[in-house]
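Enquirer: Structure provided below as structure tokens; questions to follow.
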Amino acid sequence: MDSSLINKIQKSKEYAMEPERVTFHTLELEFKGDNDTYTVILAADGWSCSCPGFQMNGICPHIMALEKMLKPMLKRDPLPYGGNQNIVSDVKKSKRYSEEPERIRIISFTAAFRGDNKEHLITYHNGVWDNQTSAYFAQHGISTHIMTMERLLKGWVEPVKMLRPEVLED
Ligand SMILES: [Zn+2]
């Protein structure tokens with residue numbers, strides 16, 4: 001394996017210990033609740049969820065669970081409780097959900113990644129990764145920052161498809 005790639009793998013392990021380097025700008029995912037699967041979106045104007053609870057209260061256990069799981073990567077205040085929300089029940093449910101990460105599958109996101117030298121922009125859409133701010137990515141289809149995101153979002157995203165996977169087999 002080429003030594004620069006080994007270094008990048010090592011660096012991504014270190015970066016993954018500092019999730020606060022990541023800030024999600026947008027996020028779209030499927031969240032398997034107890035009864036149904038819902039679509040949760042984080043956009044410039046905030047969170048939304050396709051579940052009935054969110055339609056009524058503007059907050060739901062799915063988003064509350066995500067706020068817990070992604071906390072260092074959000075940099076935004078948690079949603080306020082809704083007037084008619086059953087807070088005790090939803091807090092309990094969101095805590096249980098946050099311990100069951102297999103409920104989540106990410107469809108797409110854009111995120112800023114604060115590297116040691118500069119800020120990177122990482123995008124992911126239906127299994128396709130991009131890191132246009134990385135020269136290494138342009139050549140190899142992989143980067144330290146993408147490998148870090150893979151670690152942080154393990155099980156929620158598909159692994160990056162390298163341009164030249166034979167490098168890994170040497
Ligand atoms: Zn919801």
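By convention in this document, the chains of the structure tokens carry letters A, B, ... by their order, each chain's residues are numbered from 1, and ligands are numbered from 1 in the order they are shown.
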Could I get the residue neighbourhood of ligand 1 at 7 Å, counting only C-alpha atoms and all ligand atoms, as a list in words?

Expert: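 Based on only C-alpha atoms and all ligand atoms, ligand 1 is surrounded within 7 Å by Tyr38, Val40, Cys49, Ser50, Cys51, Gly53, Phe54, Cys60, Pro61, His62 and Ile63 of chain A.
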
Enquirer: Keeping only C-alpha atoms, write the selected residues to a file as a PDB file, in the first residue's frame.

Expert:
```
ATOM      1  CA  TYR A  38     -39.553   8.582   7.989  1.00  0.00           C
ATOM      2  CA  VAL A  40     -35.589  13.584   8.132  1.00  0.00           C
ATOM      3  CA  CYS A  49     -39.375  15.176   9.531  1.00  0.00           C
ATOM      4  CA  SER A  50     -42.165  13.407   7.642  1.00  0.00           C
ATOM      5  CA  CYS A  51     -43.604  11.859  10.847  1.00  0.00           C
ATOM      6  CA  GLY A  53     -45.430  14.156  15.521  1.00  0.00           C
ATOM      7  CA  PHE A  54     -43.311  16.705  13.681  1.00  0.00           C
ATOM      8  CA  CYS A  60     -40.144  14.723  17.183  1.00  0.00           C
ATOM      9  CA  PRO A  61     -38.136  11.893  18.780  1.00  0.00           C
ATOM     10  CA  HIS A  62     -36.300  11.230  15.485  1.00  0.00           C
ATOM     11  CA  ILE A  63     -34.797  14.709  15.383  1.00  0.00           C
TER      12      ILE A  63
END
```

Enquirer: Contacts of A:Gln85 at 10 Å or less, counting only C-alpha atoms, minus same-chain residues fewer than 3 places along, as a VMD selection string?

Expert: chain A and resid 53 to 54 56 to 60 81 to 82 88 to 90

Enquirer: How would the residues just picked look written out with N, CA, C and O atoms as a PDB file, in the first residue's frame?

Expert:
```pdb
ATOM      1  N   GLY A  53     -45.802  13.360  14.346  1.00  0.00           N
ATOM      2  CA  GLY A  53     -45.430  14.156  15.521  1.00  0.00           C
ATOM      3  C   GLY A  53     -44.816  15.482  15.130  1.00  0.00           C
ATOM      4  O   GLY A  53     -45.123  16.531  15.709  1.00  0.00           O
ATOM      5  N   PHE A  54     -43.935  15.458  14.107  1.00  0.00           N
ATOM      6  CA  PHE A  54     -43.311  16.705  13.681  1.00  0.00           C
ATOM      7  C   PHE A  54     -44.341  17.649  13.066  1.00  0.00           C
ATOM      8  O   PHE A  54     -44.280  18.867  13.284  1.00  0.00           O
ATOM      9  N   MET A  56     -47.343  18.012  13.896  1.00  0.00           N
ATOM     10  CA  MET A  56     -48.135  18.622  14.977  1.00  0.00           C
ATOM     11  C   MET A  56     -47.321  19.580  15.839  1.00  0.00           C
ATOM     12  O   MET A  56     -47.806  20.636  16.235  1.00  0.00           O
ATOM     13  N   ASN A  57     -46.081  19.180  16.166  1.00  0.00           N
ATOM     14  CA  ASN A  57     -45.339  19.882  17.220  1.00  0.00           C
ATOM     15  C   ASN A  57     -44.086  20.608  16.748  1.00  0.00           C
ATOM     16  O   ASN A  57     -43.460  21.331  17.520  1.00  0.00           O
ATOM     17  N   GLY A  58     -43.671  20.369  15.499  1.00  0.00           N
ATOM     18  CA  GLY A  58     -42.436  20.982  15.015  1.00  0.00           C
ATOM     19  C   GLY A  58     -41.187  20.403  15.654  1.00  0.00           C
ATOM     20  O   GLY A  58     -40.097  20.978  15.578  1.00  0.00           O
ATOM     21  N   ILE A  59     -41.342  19.256  16.288  1.00  0.00           N
ATOM     22  CA  ILE A  59     -40.226  18.528  16.899  1.00  0.00           C
ATOM     23  C   ILE A  59     -40.684  17.083  17.040  1.00  0.00           C
ATOM     24  O   ILE A  59     -41.890  16.821  17.078  1.00  0.00           O
ATOM     25  N   CYS A  60     -39.752  16.137  17.058  1.00  0.00           N
ATOM     26  CA  CYS A  60     -40.144  14.723  17.183  1.00  0.00           C
ATOM     27  C   CYS A  60     -38.961  13.935  17.733  1.00  0.00           C
ATOM     28  O   CYS A  60     -37.836  14.416  17.733  1.00  0.00           O
ATOM     29  N   TYR A  81     -39.078  22.374  22.759  1.00  0.00           N
ATOM     30  CA  TYR A  81     -40.205  21.448  22.889  1.00  0.00           C
ATOM     31  C   TYR A  81     -41.484  22.099  22.378  1.00  0.00           C
ATOM     32  O   TYR A  81     -41.667  23.314  22.482  1.00  0.00           O
ATOM     33  N   GLY A  82     -42.405  21.274  21.824  1.00  0.00           N
ATOM     34  CA  GLY A  82     -43.681  21.777  21.323  1.00  0.00           C
ATOM     35  C   GLY A  82     -44.689  21.893  22.450  1.00  0.00           C
ATOM     36  O   GLY A  82     -44.622  21.162  23.447  1.00  0.00           O
ATOM     37  N   VAL A  88     -42.149  13.825  28.161  1.00  0.00           N
ATOM     38  CA  VAL A  88     -41.587  12.682  28.887  1.00  0.00           C
ATOM     39  C   VAL A  88     -41.452  11.473  27.961  1.00  0.00           C
ATOM     40  O   VAL A  88     -40.397  10.840  27.890  1.00  0.00           O
ATOM     41  N   SER A  89     -42.502  11.205  27.222  1.00  0.00           N
ATOM     42  CA  SER A  89     -42.501  10.053  26.320  1.00  0.00           C
ATOM     43  C   SER A  89     -41.493  10.236  25.181  1.00  0.00           C
ATOM     44  O   SER A  89     -40.759   9.308  24.822  1.00  0.00           O
ATOM     45  N   ASP A  90     -41.432  11.446  24.619  1.00  0.00           N
ATOM     46  CA  ASP A  90     -40.528  11.679  23.484  1.00  0.00           C
ATOM     47  C   ASP A  90     -39.056  11.678  23.905  1.00  0.00           C
ATOM     48  O   ASP A  90     -38.193  11.216  23.161  1.00  0.00           O
TER      49      ASP A  90
END
```

Enquirer: May I have a table of the residues of stretch 138-169 of chain A lying at most 8 Å from stretch 97-119 of chain A, giving each one's closest pair of atoms and their distance in Å to one decimal, counting only C-alpha atoms, ordered by chain and ascending residue number, as JSON lines?

Expert:
```
{"residue": "A:His145", "atom": "CA", "partner": "A:Phe113", "partner_atom": "CA", "distance": 7.0}
{"residue": "A:Gly155", "atom": "CA", "partner": "A:Glu102", "partner_atom": "CA", "distance": 7.0}
{"residue": "A:Trp156", "atom": "CA", "partner": "A:Arg105", "partner_atom": "CA", "distance": 4.6}
{"residue": "A:Val157", "atom": "CA", "partner": "A:Ile106", "partner_atom": "CA", "distance": 5.7}
```

Enquirer: Based on DSSP run over this structure's backbone, return all residues of chain A in strand (DSSP E), as a PyMOL selection string.

Expert: chain A and resi 22-32+37-43+46-49+104-114+119-125+128-130

Enquirer: Between atom CA of A:Thr37 and atom CA of A:Arg76, what distance in Å does the model show, to one decimal?

Expert: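 Computing the Euclidean distance for atom CA of A:Thr37 and atom CA of A:Arg76 yields 25.0 Å.
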
Enquirer: Using only C-alpha atoms, determine which residues lie at most 10 Å from A:Thr123, disregarding the query and same-chain residues fewer than 2 positions distant; provide the list as a PyMOL selection string.

Expert: chain A and resi 24-27+108-112+120-121+125+128-132+146

Enquirer: Using only N, CA and C atoms, please write the residues we just selected to a file, as a compact mmCIF listing (two decimals), in the first residue's frame.

Expert:
```txt
# COMPACT_ATOMS: atom_id res chain seq x y z
N PHE A 24 -22.35 19.92 9.75
CA PHE A 24 -23.31 19.60 8.69
C PHE A 24 -24.04 20.85 8.24
N HIS A 25 -24.03 21.10 6.92
CA HIS A 25 -24.83 22.19 6.34
C HIS A 25 -26.21 21.66 5.94
N THR A 26 -26.21 20.50 5.28
CA THR A 26 -27.47 19.85 4.92
C THR A 26 -27.33 18.36 5.21
N LEU A 27 -28.50 17.74 5.38
CA LEU A 27 -28.52 16.31 5.70
C LEU A 27 -29.89 15.77 5.32
N SER A 108 -28.11 11.79 1.74
CA SER A 108 -27.17 12.80 1.25
C SER A 108 -26.79 13.77 2.36
N PHE A 109 -25.65 14.39 2.18
CA PHE A 109 -25.28 15.49 3.08
C PHE A 109 -24.25 16.39 2.43
N THR A 110 -24.14 17.62 2.94
CA THR A 110 -22.98 18.46 2.68
C THR A 110 -22.45 18.88 4.04
N ALA A 111 -21.14 18.84 4.18
CA ALA A 111 -20.55 19.17 5.47
C ALA A 111 -19.23 19.90 5.28
N ALA A 112 -18.97 20.85 6.17
CA ALA A 112 -17.66 21.49 6.22
C ALA A 112 -16.78 20.65 7.14
N HIS A 120 -12.40 22.01 4.37
CA HIS A 120 -12.81 21.20 3.24
C HIS A 120 -14.33 21.12 3.16
N LEU A 121 -14.83 20.91 1.95
CA LEU A 121 -16.26 20.67 1.77
C LEU A 121 -16.44 19.22 1.31
N HIS A 125 -23.97 11.81 -1.87
CA HIS A 125 -25.33 11.67 -2.39
C HIS A 125 -25.52 10.27 -2.96
N VAL A 128 -22.37 8.33 -3.50
CA VAL A 128 -21.28 9.00 -4.23
C VAL A 128 -20.70 10.12 -3.38
N TRP A 129 -19.40 10.02 -3.13
CA TRP A 129 -18.69 11.01 -2.30
C TRP A 129 -18.00 12.05 -3.18
N ASP A 130 -17.82 13.24 -2.63
CA ASP A 130 -16.99 14.23 -3.31
C ASP A 130 -16.26 15.09 -2.28
N ASN A 131 -15.04 15.43 -2.62
CA ASN A 131 -14.20 16.29 -1.77
C ASN A 131 -13.39 17.16 -2.73
N GLN A 132 -14.11 18.12 -3.37
CA GLN A 132 -13.49 18.92 -4.43
C GLN A 132 -12.32 19.76 -3.94
N ILE A 146 -12.73 12.30 3.82
CA ILE A 146 -13.79 11.34 3.52
C ILE A 146 -13.65 10.11 4.41
```

Enquirer: How far is it from atom CA of A:Glu28 to atom CA of A:Leu42, in Å with one decimal?

Expert: 6.4 Å

Enquirer: Might you pull out every residue within 12 Å of A:Lys11, with only C-alpha atoms counted and same-chain residues fewer than 2 positions away left off, and present them as a VMD selection string?

Expert: chain A and resid 4 to 9 13 to 18 115 to 116 143 to 148 151

Enquirer: Residues of the last selection are to be written out with C-alpha atoms, as an mmCIF file, in the first residue's frame.

Expert:
```
data_model
loop_
_atom_site.group_PDB
_atom_site.id
_atom_site.type_symbol
_atom_site.label_atom_id
_atom_site.label_comp_id
_atom_site.auth_asym_id
_atom_site.auth_seq_id
_atom_site.Cartn_x
_atom_site.Cartn_y
_atom_site.Cartn_z
ATOM 1 C CA SER A 4 0.815 8.421 1.695
ATOM 2 C CA LEU A 5 -2.393 6.412 1.888
ATOM 3 C CA ILE A 6 -1.245 4.698 5.090
ATOM 4 C CA ASN A 7 -0.553 8.141 6.554
ATOM 5 C CA LYS A 8 -4.004 9.311 5.521
ATOM 6 C CA ILE A 9 -5.678 6.308 7.123
ATOM 7 C CA LYS A 13 -8.315 7.841 12.899
ATOM 8 C CA GLU A 14 -6.998 10.903 14.752
ATOM 9 C CA TYR A 15 -9.509 13.241 13.096
ATOM 10 C CA ALA A 16 -12.365 10.893 14.008
ATOM 11 C CA MET A 17 -11.557 11.526 17.695
ATOM 12 C CA GLU A 18 -12.439 15.197 17.047
ATOM 13 C CA GLY A 115 -8.651 20.212 8.480
ATOM 14 C CA ASP A 116 -5.273 21.161 9.957
ATOM 15 C CA SER A 143 -9.203 11.636 0.981
ATOM 16 C CA THR A 144 -8.377 11.826 4.667
ATOM 17 C CA HIS A 145 -11.537 13.838 5.261
ATOM 18 C CA ILE A 146 -13.795 11.340 3.520
ATOM 19 C CA MET A 147 -12.209 8.465 5.449
ATOM 20 C CA THR A 148 -12.884 10.410 8.646
ATOM 21 C CA ARG A 151 -15.613 6.462 10.491
#
```

Enquirer: Quick one: of A:Val22, A:Lys68, A:Leu152, A:Pro52, who's nearest to A:Asp36, counting only C-alpha atoms?

Expert: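 Distance minimum relative to A:Asp36 lands on A:Pro52.
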
Enquirer: Please, what distance in Å, to one decimal, runs between atom CA of A:Thr23 and atom CA of A:Lys93?

Expert: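 Separation between atom CA of A:Thr23 and atom CA of A:Lys93: 25.5 Å.
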
Enquirer: Rank A:Ala65, A:Ser48, A:Gln55, A:Met73 by their smallest atom-to-atom distance to A:Glu20, using only C-alpha atoms, and report the top residue only.

Expert: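 Smallest distance to A:Glu20 is found for A:Met73.
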
Enquirer: Could you pull out the alpha helix (DSSP H) residues of stretch 44-122 of chain A from DSSP and send them as a list of chain:residue names?

Expert: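 Residues meeting the alpha helix (DSSP H) criterion: A:Pro52, A:Gly53, A:Phe54, A:Gln55, A:Met56, A:Asn57, A:Pro61, A:His62, A:Ile63, A:Met64, A:Ala65, A:Leu66, A:Glu67, A:Lys68, A:Met69, A:Ile87, A:Val88, A:Ser89, A:Asp90, A:Val91, A:Lys92, A:Lys93, A:Ser94, A:Lys95, A:Arg96, A:Tyr97, A:Ser98.
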